[in-house]
$ cat target.csv   # CSV, C-alpha atoms
chain,number,residue,atom,x,y,z
A,1,MET,CA,-47.5,27.3,-18.7
A,2,THR,CA,-47.6,30.4,-20.7
A,3,VAL,CA,-45.3,33.3,-21.4
A,4,ALA,CA,-46.5,36.7,-20.2
A,5,CYS,CA,-45.4,40.3,-21.1
A,6,SER,CA,-43.0,41.5,-18.4
A,7,LYS,CA,-44.6,44.9,-18.5
A,8,CYS,CA,-48.3,44.4,-18.6
A,9,GLY,CA,-48.6,40.7,-17.7
A,10,SER,CA,-50.8,39.8,-20.7
A,11,ILE,CA,-50.3,36.4,-22.2
A,12,LEU,CA,-48.0,36.6,-25.3
A,13,LEU,CA,-48.5,33.1,-26.5
A,14,ASP,CA,-49.7,29.8,-25.2
A,15,GLY,CA,-47.7,27.2,-27.0
A,16,GLU,CA,-46.6,28.4,-30.4
A,17,GLY,CA,-44.1,30.7,-31.9
A,18,GLY,CA,-41.1,32.1,-29.9
A,19,ALA,CA,-38.3,31.5,-32.3
A,20,GLY,CA,-36.6,34.7,-31.1
A,21,GLU,CA,-38.0,37.3,-33.5
A,22,TRP,CA,-39.2,40.7,-32.3
A,23,ARG,CA,-42.9,41.2,-31.8
A,24,ASP,CA,-45.2,43.7,-30.2
A,25,CYS,CA,-47.3,43.0,-27.1
A,26,SER,CA,-50.9,43.1,-28.2
A,27,SER,CA,-51.9,44.8,-24.9
A,28,CYS,CA,-49.2,47.4,-24.1
A,29,GLY,CA,-47.4,47.6,-27.4
A,30,SER,CA,-43.9,46.9,-25.9
A,31,ALA,CA,-41.4,45.4,-28.3
A,32,ILE,CA,-40.5,42.0,-27.1
A,33,ARG,CA,-38.1,39.3,-28.2
A,34,LEU,CA,-39.2,35.9,-27.1
A,35,ARG,CA,-36.9,32.8,-27.4
A,36,LEU,CA,-38.6,29.5,-26.4
A,37,PHE,CA,-36.7,26.3,-25.8
A,38,PRO,CA,-37.8,22.7,-26.1
A,39,ALA,CA,-38.3,22.5,-22.3
A,40,TYR,CA,-41.3,24.8,-22.8
A,41,GLN,CA,-43.1,22.0,-24.7
A,42,ARG,CA,-41.9,19.3,-22.4
A,43,THR,CA,-44.4,17.8,-20.0
A,44,VAL,CA,-42.8,16.5,-16.8
A,45,ALA,CA,-44.0,13.0,-15.9
A,46,PRO,CA,-44.7,12.5,-12.2
A,47,THR,CA,-41.9,10.6,-10.4
A,48,ARG,CA,-42.8,7.0,-10.1
A,49,THR,CA,-41.3,4.8,-7.4
A,50,GLU,CA,-41.4,1.0,-7.5
A,51,ALA,CA,-42.0,-1.4,-4.7
A,52,THR,CA,-39.0,-3.5,-3.6
A,53,LEU,CA,-38.9,-7.0,-4.8
A,54,GLN,CA,-37.1,-9.8,-2.9
A,55,GLY,CA,-33.3,-9.5,-3.3
A,56,GLU,CA,-33.4,-5.9,-4.4
A,57,SER,CA,-32.0,-3.0,-2.4
A,58,SER,CA,-34.4,-0.6,-0.8
A,59,CYS,CA,-34.4,3.1,-0.2
A,60,PHE,CA,-32.9,4.3,3.0
A,61,PHE,CA,-35.8,6.7,3.7
A,62,HIS,CA,-38.6,4.5,2.2
A,63,PRO,CA,-37.8,0.8,3.1
A,64,HIS,CA,-40.6,-0.5,0.8
A,65,LYS,CA,-39.4,1.4,-2.3
A,66,ARG,CA,-36.7,0.1,-4.7
A,67,ALA,CA,-33.4,2.0,-4.6
A,68,VAL,CA,-32.2,3.4,-7.9
A,69,VAL,CA,-29.0,5.3,-7.1
A,70,PRO,CA,-26.7,5.8,-4.1
A,71,CYS,CA,-26.2,9.3,-2.6
A,72,ASP,CA,-22.9,10.8,-3.9
A,73,GLU,CA,-22.3,12.4,-0.5
A,74,CYS,CA,-23.1,9.7,2.1
A,75,GLY,CA,-23.7,6.6,0.0
A,76,ARG,CA,-27.2,5.9,1.2
A,77,PHE,CA,-29.5,4.1,-1.3
A,78,LEU,CA,-32.2,6.3,-2.7
A,79,CYS,CA,-35.5,5.7,-4.5
A,80,ALA,CA,-36.6,7.9,-7.4
A,81,LEU,CA,-38.5,10.1,-4.9
A,82,CYS,CA,-35.6,10.9,-2.6
A,83,ARG,CA,-33.0,11.3,-5.4
A,84,VAL,CA,-32.2,15.0,-6.0
A,85,GLU,CA,-30.1,15.6,-9.1
A,86,PHE,CA,-27.4,18.3,-9.2
A,87,GLY,CA,-25.9,18.1,-12.7
A,88,ALA,CA,-24.3,14.6,-12.8
A,89,ARG,CA,-24.6,14.1,-9.0
A,90,ASN,CA,-27.4,12.5,-7.0
A,91,ILE,CA,-27.7,13.8,-3.4
A,92,CYS,CA,-30.1,12.7,-0.7
A,93,PRO,CA,-32.4,15.2,1.2
A,94,GLY,CA,-30.4,14.7,4.4
A,95,CYS,CA,-27.1,15.7,2.8
A,96,ILE,CA,-28.8,18.7,1.2
A,97,ASP,CA,-30.1,19.8,4.6
A,98,SER,CA,-26.7,19.3,6.3
A,99,GLY,CA,-24.8,20.9,3.4
A,100,MET,CA,-27.0,24.0,3.6
A,101,LYS,CA,-26.4,24.3,7.3
A,102,LYS,CA,-22.7,23.7,7.2
A,103,GLY,CA,-22.1,25.6,3.9
A,104,ASN,CA,-19.9,22.8,2.5
A,105,LEU,CA,-22.1,21.8,-0.4
A,106,ALA,CA,-21.5,24.4,-3.1
A,107,ALA,CA,-24.3,23.1,-5.3
A,108,VAL,CA,-27.0,24.2,-2.8
A,109,GLU,CA,-25.4,27.3,-1.5
A,110,THR,CA,-27.7,30.3,-1.9
A,111,THR,CA,-26.1,32.9,0.3
A,112,ARG,CA,-22.6,33.7,1.4
A,113,ARG,CA,-21.4,36.4,3.7
A,114,ARG,CA,-18.3,38.1,2.4
A,115,PHE,CA,-16.0,38.6,5.4
A,116,ASP,CA,-13.2,39.9,3.2
A,117,SER,CA,-15.4,42.8,2.1
A,118,ILE,CA,-16.5,43.3,5.7
A,119,ALA,CA,-12.8,43.4,6.9
A,120,LEU,CA,-11.9,45.9,4.2
A,121,ALA,CA,-14.8,48.1,5.0
A,122,VAL,CA,-14.0,48.0,8.7
A,123,ALA,CA,-10.4,48.9,7.9
A,124,ALA,CA,-11.1,51.6,5.4
A,125,LEU,CA,-14.3,53.5,6.1
A,126,PRO,CA,-13.6,54.6,9.8
A,127,SER,CA,-10.3,56.2,8.5
A,128,LEU,CA,-12.5,59.1,7.3
A,129,LEU,CA,-13.2,60.0,10.9
A,130,ILE,CA,-9.7,58.9,12.2
A,131,TRP,CA,-10.6,58.4,15.9
A,132,PRO,CA,-12.8,55.2,15.4
A,133,THR,CA,-9.7,53.4,14.0
A,134,LEU,CA,-8.5,53.1,17.5
A,135,PHE,CA,-11.1,50.3,17.8
A,136,THR,CA,-11.7,49.2,14.2
A,137,GLY,CA,-8.0,48.7,13.4
A,138,PRO,CA,-7.6,45.7,15.7
A,139,VAL,CA,-11.0,44.4,14.5
A,140,ALA,CA,-9.8,44.6,10.9
A,141,ILE,CA,-6.7,42.6,11.8
A,142,TYR,CA,-8.8,40.0,13.7
A,143,LEU,CA,-11.2,39.6,10.8
A,144,SER,CA,-8.4,39.3,8.3
A,145,VAL,CA,-6.6,36.6,10.3
A,146,GLN,CA,-9.8,34.8,11.4
A,147,HIS,CA,-11.2,34.4,7.8
A,148,TRP,CA,-7.9,33.8,6.0
A,149,ASN,CA,-8.6,30.1,5.7
A,150,ASP,CA,-12.3,30.4,4.9
A,151,PRO,CA,-13.4,28.0,2.1
A,152,PRO,CA,-13.3,29.8,-1.2
A,153,GLY,CA,-16.7,30.8,-2.5
A,154,ILE,CA,-18.2,29.3,-5.6
A,155,LEU,CA,-17.1,32.3,-7.7
A,156,PRO,CA,-13.4,33.1,-8.4
A,157,ARG,CA,-12.3,35.7,-5.9
A,158,GLY,CA,-8.8,36.6,-4.6
A,159,ARG,CA,-7.7,37.3,-1.1
A,160,TRP,CA,-6.4,40.8,-1.8
A,161,ARG,CA,-9.2,42.4,0.3
A,162,LEU,CA,-8.0,40.5,3.4
A,163,VAL,CA,-4.4,41.5,2.7
A,164,VAL,CA,-5.3,45.2,2.2
A,165,ALA,CA,-7.5,45.1,5.4
A,166,PHE,CA,-4.7,43.5,7.3
A,167,VAL,CA,-2.1,46.1,6.1
A,168,ILE,CA,-4.4,49.0,6.9
A,169,GLY,CA,-5.3,47.6,10.3
A,170,ILE,CA,-1.6,47.1,11.2
A,171,ALA,CA,-0.8,50.7,10.0
A,172,GLN,CA,-3.7,52.1,12.1
A,173,VAL,CA,-2.6,50.1,15.2
A,174,THR,CA,1.0,51.1,14.7
A,175,ALA,CA,0.0,54.8,14.3
A,176,TRP,CA,-2.0,54.7,17.5
A,177,ILE,CA,0.8,53.0,19.5
A,178,GLY,CA,3.2,55.6,18.1
A,179,LEU,CA,0.9,58.5,19.1
A,180,PHE,CA,0.5,57.1,22.6
A,181,VAL,CA,4.2,56.6,23.1
A,182,TYR,CA,4.9,60.1,21.8
A,183,LEU,CA,2.2,61.6,24.1
A,184,PHE,CA,3.6,59.6,27.1
A,185,THR,CA,7.2,60.8,26.5
A,186,LEU,CA,6.0,64.3,25.9
A,187,ARG,CA,4.1,64.2,29.2
A,188,ASN,CA,7.2,62.9,31.0
A,189,GLN,CA,9.3,65.6,29.6
A,190,LEU,CA,6.8,68.3,30.7
A,191,LEU,CA,6.7,66.8,34.2
A,192,LEU,CA,10.5,66.9,34.4
B,1,MET,CA,-17.1,23.8,-10.8
B,2,THR,CA,-15.7,26.7,-12.7
B,3,TYR,CA,-17.8,29.8,-13.6
B,4,ARG,CA,-17.3,32.3,-16.4
B,5,ARG,CA,-18.7,35.7,-16.0
B,6,LEU,CA,-21.1,36.9,-18.7
B,7,PRO,CA,-21.2,40.5,-19.9
B,8,GLY,CA,-23.3,43.0,-18.1
B,9,LYS,CA,-23.3,44.3,-14.5
B,10,ARG,CA,-26.2,46.3,-12.9
B,11,ARG,CA,-25.0,48.5,-10.1
B,12,THR,CA,-27.4,49.9,-7.5
B,13,LEU,CA,-26.9,51.8,-4.3
B,14,GLY,CA,-26.9,48.6,-2.2
B,15,GLY,CA,-24.8,46.4,-4.4
B,16,TYR,CA,-24.7,44.9,-7.9
B,17,SER,CA,-26.0,42.0,-10.0
B,18,THR,CA,-24.0,39.8,-12.3
B,19,LEU,CA,-24.6,36.6,-14.4
B,20,TRP,CA,-22.2,33.7,-14.5
B,21,MET,CA,-22.2,30.6,-16.6
B,22,ALA,CA,-21.1,27.0,-15.6
B,23,GLU,CA,-21.1,24.0,-17.9
B,24,ASP,CA,-24.7,23.1,-17.1
B,25,HIS,CA,-26.3,26.1,-15.5
B,26,LEU,CA,-26.5,29.9,-15.2
B,27,LEU,CA,-25.8,31.5,-11.9
B,28,LEU,CA,-27.5,34.9,-11.0
B,29,VAL,CA,-25.5,36.7,-8.3
B,30,LYS,CA,-27.0,39.5,-6.3
B,31,SER,CA,-24.4,41.2,-4.2
B,32,LEU,CA,-25.5,43.3,-1.2
B,33,ARG,CA,-21.9,44.4,-0.6
B,34,PHE,CA,-21.3,42.1,2.4
B,35,THR,CA,-23.5,39.1,1.3
B,36,GLU,CA,-24.0,37.4,-2.0
B,37,GLN,CA,-27.2,35.7,-3.0
B,38,TYR,CA,-27.2,33.0,-5.7
B,39,LYS,CA,-29.9,31.6,-8.0
B,40,ARG,CA,-29.2,28.8,-10.3
B,41,PHE,CA,-31.0,28.1,-13.6
B,42,TYR,CA,-30.1,24.7,-15.1
B,43,PHE,CA,-29.9,24.7,-18.9
B,44,ARG,CA,-32.3,21.7,-19.1
B,45,ASP,CA,-35.0,23.6,-17.1
B,46,ILE,CA,-34.9,27.0,-19.0
B,47,GLN,CA,-38.2,27.3,-21.0
B,48,ALA,CA,-37.9,30.9,-22.3
B,49,PHE,CA,-35.8,34.0,-22.5
B,50,LEU,CA,-37.7,37.3,-22.8
B,51,ILE,CA,-36.2,40.6,-23.7
B,52,ARG,CA,-38.4,43.7,-23.6
B,53,ARG,CA,-37.1,46.8,-25.2
B,54,LYS,CA,-37.6,49.8,-22.8
B,55,THR,CA,-38.9,53.1,-24.0
B,56,PHE,CA,-38.2,56.6,-22.5
B,57,SER,CA,-41.3,56.4,-20.4
B,58,ASP,CA,-40.1,53.3,-18.5
B,59,ALA,CA,-39.4,54.7,-15.0
B,60,ARG,CA,-35.8,53.7,-14.5
B,61,ASN,CA,-34.8,54.9,-17.9
B,62,MET,CA,-36.6,58.2,-17.5
B,63,TRP,CA,-35.3,58.9,-14.0
B,64,ASP,CA,-31.7,58.2,-15.1
B,65,ILE,CA,-31.9,60.8,-17.9
B,66,LEU,CA,-33.9,63.3,-15.9
B,67,PHE,CA,-31.3,63.1,-13.1
B,68,TRP,CA,-28.4,63.9,-15.3
B,69,LEU,CA,-30.4,66.6,-17.1
B,70,GLY,CA,-31.0,68.1,-13.7
B,71,VAL,CA,-27.3,68.0,-12.9
B,72,VAL,CA,-26.5,69.8,-16.1
B,73,ALA,CA,-29.1,72.4,-15.5
B,74,ILE,CA,-28.2,73.1,-11.9
B,75,TYR,CA,-24.5,73.5,-12.6
B,76,LEU,CA,-25.1,75.6,-15.7
B,77,VAL,CA,-27.1,78.0,-13.6
B,78,GLY,CA,-24.4,77.9,-10.9
B,79,HIS,CA,-21.7,78.6,-13.5
B,80,ALA,CA,-20.0,75.3,-12.7
B,81,GLN,CA,-19.2,74.4,-16.3
B,82,VAL,CA,-16.8,71.5,-15.6
B,83,THR,CA,-19.5,69.6,-13.6
B,84,ALA,CA,-22.1,70.4,-16.2
B,85,LEU,CA,-19.7,69.0,-18.8
B,86,PHE,CA,-19.4,65.8,-16.8
B,87,GLY,CA,-23.2,65.5,-16.6
B,88,ALA,CA,-23.5,66.2,-20.3
B,89,ALA,CA,-20.9,63.6,-21.1
B,90,LEU,CA,-22.8,61.0,-19.0
B,91,LEU,CA,-26.0,61.9,-20.9
B,92,LEU,CA,-24.2,61.4,-24.2
B,93,TYR,CA,-22.8,58.1,-23.0
B,94,MET,CA,-26.3,56.9,-22.0
B,95,ARG,CA,-27.7,58.1,-25.3
B,96,PHE,CA,-25.1,56.4,-27.5
B,97,SER,CA,-24.5,53.2,-25.5
B,98,GLY,CA,-27.7,51.7,-26.9
B,99,PRO,CA,-31.3,51.2,-25.8
B,100,TYR,CA,-32.3,49.8,-22.4
B,101,CYS,CA,-34.2,46.6,-22.0
B,102,ALA,CA,-35.7,44.3,-19.3
B,103,CYS,CA,-34.6,40.7,-19.5
B,104,HIS,CA,-36.4,37.7,-17.9
B,105,ILE,CA,-35.8,34.0,-17.8
B,106,GLN,CA,-38.6,31.5,-17.4
B,107,THR,CA,-38.6,28.0,-16.0
B,108,ALA,CA,-41.5,25.7,-15.2
B,109,VAL,CA,-41.9,27.3,-11.8
B,110,GLN,CA,-40.6,30.8,-11.9
B,111,VAL,CA,-40.1,33.9,-14.0
B,112,GLU,CA,-36.9,35.7,-12.8
B,113,PRO,CA,-35.6,39.1,-13.9
B,114,LEU,CA,-32.0,39.3,-14.9
B,115,PRO,CA,-31.0,42.8,-13.8
B,116,SER,CA,-27.5,42.7,-15.2
B,117,LEU,CA,-28.8,42.5,-18.8
B,118,TYR,CA,-30.3,46.0,-18.9
B,119,ARG,CA,-28.7,47.0,-22.2
B,120,LEU,CA,-30.2,45.5,-25.3
B,121,ARG,CA,-26.9,45.0,-27.0
B,122,VAL,CA,-25.5,43.1,-24.0
B,123,ALA,CA,-28.7,41.0,-23.6
B,124,GLU,CA,-28.7,39.9,-27.2
B,125,GLU,CA,-25.0,39.1,-27.0
B,126,VAL,CA,-25.6,36.9,-23.9
B,127,LEU,CA,-28.7,35.3,-25.5
B,128,ASN,CA,-26.7,34.4,-28.6
B,129,GLN,CA,-24.1,32.7,-26.4
B,130,LEU,CA,-26.6,30.8,-24.3
B,131,VAL,CA,-29.0,29.5,-27.0
B,132,PRO,CA,-26.7,26.8,-28.4
B,133,LEU,CA,-25.8,25.6,-24.9
B,134,ILE,CA,-29.4,25.5,-23.7
B,135,GLU,CA,-30.6,23.7,-26.8
B,136,ALA,CA,-27.7,21.2,-26.6
B,137,ALA,CA,-28.5,20.4,-23.0
B,138,GLN,CA,-32.2,20.0,-23.7
B,139,MET,CA,-31.6,17.9,-26.7
B,140,GLU,CA,-29.4,15.6,-24.6
B,141,GLU,CA,-32.1,15.5,-21.9
B,142,SER,CA,-34.8,14.5,-24.4
B,143,LEU,CA,-32.5,11.8,-26.0
B,144,LEU,CA,-31.9,10.3,-22.5
B,145,SER,CA,-35.6,10.3,-21.7
B,146,GLU,CA,-36.4,8.6,-25.0
B,147,MET,CA,-33.9,5.8,-24.5
B,148,PRO,CA,-35.5,2.5,-23.4
B,149,PRO,CA,-34.5,1.3,-20.0
B,150,GLN,CA,-31.5,-1.1,-20.0
B,151,GLU,CA,-32.2,-4.7,-19.0
B,152,SER,CA,-29.9,-5.8,-16.1
$ encode --input "target.csv" --output "structure tokens"
Amino acid sequence: MTVACSKCGSILLDGEGGAGEWRDCSSCGSAIRLRLFPAYQRTVAPTRTEATLQGESSCFFHPHKRAVVPCDECGRFLCALCRVEFGARNICPGCIDSGMKKGNLAAVETTRRRFDSIALAVAALPSLLIWPTLFTGPVAIYLSVQHWNDPPGILPRGRWRLVVAFVIGIAQVTAWIGLFVYLFTLRNQLLL
Amino acid sequence: MTYRRLPGKRRTLGGYSTLWMAEDHLLLVKSLRFTEQYKRFYFRDIQAFLIRRKTFSDARNMWDILFWLGVVAIYLVGHAQVTALFGAALLLYMRFSGPYCACHIQTAVQVEPLPSLYRLRVAEEVLNQLVPLIEAAQMEESLLSEMPPQES
């Protein structure tokens, strides 16, 4: 593995240097500060699995391989090949797969839809044209209520967007009901 | 797991990008307004941190400045001095808030840009915060790998 200039792609160094000092790329002349870490020099040994001996526990997925850790989610025994480390936790491929599908395993979450932002946008943006709020007001209320108990994301984030969307939605619906009631009574007065 | 936000935020038309730090990894968040995408870089896997100072000729840098120069010129011609003043103030801010840079992080299998670190001052501040943590994590990792296996 080498380190390449992020502008021209030419190789900056192939194993030495990189203490964080500024240098010029020999190809494009860009000023570059490169900081290397010990992992750059580390060679990763291939994962070795051992065959099960009599009396030893075996891997859930590979019955002939020796188990080294249990899965921290489901408790299945795992060999060195099936063990996936997330910080201090060991998780099996099955739990990673189901965690990604259900969205309940924060360590593997790669995408999250922000329904609070959607609710706020649905509540606020149509207000510029006024008439779409007849439809979007109830939708904003529905989204706010529906997603109030959504599991919190991995990043700290308050619920104020849902609250604001709900309040705007209620205000819009109330205003439309008031308008219709007013028009209805006005119509009745004119007919009389 | 608790995250702490690191300095720097890159706004674009479609969203923004920020960098967060947990106890054992960095989290790159790309927000597209209604969705967020996450990429994790574990301290033990980070091989290199690359900061490239940008010059005026770098496209983004140049277009930013030309855009605001254009704003100033158009409004001066149109006798809209207040708007021209606003454009000029932004130009001055861009000039005096330090040089631009492009920041990349490298692991064994990827080289990923960090869009939120686009100011040299911010990038260096973040790098100074991260270096001791990454080195400590990798030192611990190498100590663990050197330990002889325990007899049971």
$ closest_atom_pairs --input "target.csv" --of "chain B" --to "chain A" --cutoff "7 Å" --atoms "all atoms listed in the file" --output "Markdown table"
| residue | atom | partner | partner_atom | distance |
| --- | --- | --- | --- | --- |
| B:Tyr3 | CA | A:Leu155 | CA | 6.4 |
| B:Asp24 | CA | A:Gly87 | CA | 6.8 |
| B:Phe34 | CA | A:Arg114 | CA | 5.0 |
| B:Thr35 | CA | A:Arg113 | CA | 4.2 |
| B:Glu36 | CA | A:Arg112 | CA | 5.2 |
| B:Gln37 | CA | A:Thr111 | CA | 4.5 |
| B:Tyr38 | CA | A:Thr110 | CA | 4.7 |
| B:Lys39 | CA | A:Thr110 | CA | 6.6 |
| B:Arg44 | CA | A:Ala39 | CA | 6.8 |
| B:Asp45 | CA | A:Ala39 | CA | 6.3 |
| B:Ile46 | CA | A:Ala39 | CA | 6.5 |
| B:Gln47 | CA | A:Tyr40 | CA | 4.4 |
| B:Ala48 | CA | A:Leu36 | CA | 4.4 |
| B:Phe49 | CA | A:Arg35 | CA | 5.2 |
| B:Leu50 | CA | A:Leu34 | CA | 4.8 |
| B:Ile51 | CA | A:Arg33 | CA | 5.1 |
| B:Arg52 | CA | A:Ile32 | CA | 4.4 |
| B:Arg53 | CA | A:Ala31 | CA | 5.5 |
| B:Glu135 | CA | A:Phe37 | CA | 6.7 |
| B:Gln138 | CA | A:Pro38 | CA | 6.7 |
$ residues_around --input "target.csv" --residues "Leu143 of chain A" --least-positions-apart "3" --cutoff "12 Å" --atoms "all atoms listed in the file" --output "number ranges by chain"
A: 114-123, 136-140, 146-150, 161-166, 169
$ write_last_selection --input "target.csv" --atoms "C-alpha atoms" --output "short mmCIF file (atom, residue, chain, number, x, y, z; two decimals), in the frame of the given file"
data_model
loop_
_atom_site.label_atom_id
_atom_site.label_comp_id
_atom_site.auth_asym_id
_atom_site.auth_seq_id
_atom_site.Cartn_x
_atom_site.Cartn_y
_atom_site.Cartn_z
CA ARG A 114 -18.30 38.10 2.40
CA PHE A 115 -16.00 38.60 5.40
CA ASP A 116 -13.20 39.90 3.20
CA SER A 117 -15.40 42.80 2.10
CA ILE A 118 -16.50 43.30 5.70
CA ALA A 119 -12.80 43.40 6.90
CA LEU A 120 -11.90 45.90 4.20
CA ALA A 121 -14.80 48.10 5.00
CA VAL A 122 -14.00 48.00 8.70
CA ALA A 123 -10.40 48.90 7.90
CA THR A 136 -11.70 49.20 14.20
CA GLY A 137 -8.00 48.70 13.40
CA PRO A 138 -7.60 45.70 15.70
CA VAL A 139 -11.00 44.40 14.50
CA ALA A 140 -9.80 44.60 10.90
CA GLN A 146 -9.80 34.80 11.40
CA HIS A 147 -11.20 34.40 7.80
CA TRP A 148 -7.90 33.80 6.00
CA ASN A 149 -8.60 30.10 5.70
CA ASP A 150 -12.30 30.40 4.90
CA ARG A 161 -9.20 42.40 0.30
CA LEU A 162 -8.00 40.50 3.40
CA VAL A 163 -4.40 41.50 2.70
CA VAL A 164 -5.30 45.20 2.20
CA ALA A 165 -7.50 45.10 5.40
CA PHE A 166 -4.70 43.50 7.30
CA GLY A 169 -5.30 47.60 10.30
#
$ atom_distance --input "target.csv" --atom1 "atom CA of Gly94 of chain A" --atom2 "atom CA of Ala80 of chain A"
15.0 Å
$ atom_distance --input "target.csv" --atom1 "atom CA of Leu117 of chain B" --atom2 "atom CA of Cys28 of chain A"
21.6 Å
$ atom_distance --input "target.csv" --atom1 "atom CA of Met1 of chain B" --atom2 "atom CA of Arg121 of chain B"
28.4 Å
$ closest_residue --input "target.csv" --among "B:Val72, B:Met62, B:Glu140, B:Leu26" --to "Ile105 of chain B" --atoms "only C-alpha atoms"
B:Leu26
$ axis_aligned_box --input "target.csv" --around "segment 83-92 of chain B" --padding-each-side "8 Å" --output "AutoDock Vina command-line options"
--center_x -22.7 --center_y 65.7 --center_z -18.9 --size_x 22.6 --size_y 25.4 --size_z 26.6
$ residues_around --input "target.csv" --residues "segment 5-19 of chain B" --least-positions-apart "6" --cutoff "8 Å" --atoms "only C-alpha atoms" --output "list in words"
Leu26, Leu27, Leu28, Val29, Lys30, Ser31, Leu32, Arg33, Leu114, Pro115, Ser116, Leu117, Tyr118, Arg119, Val122, Ala123 and Val126 of chain B
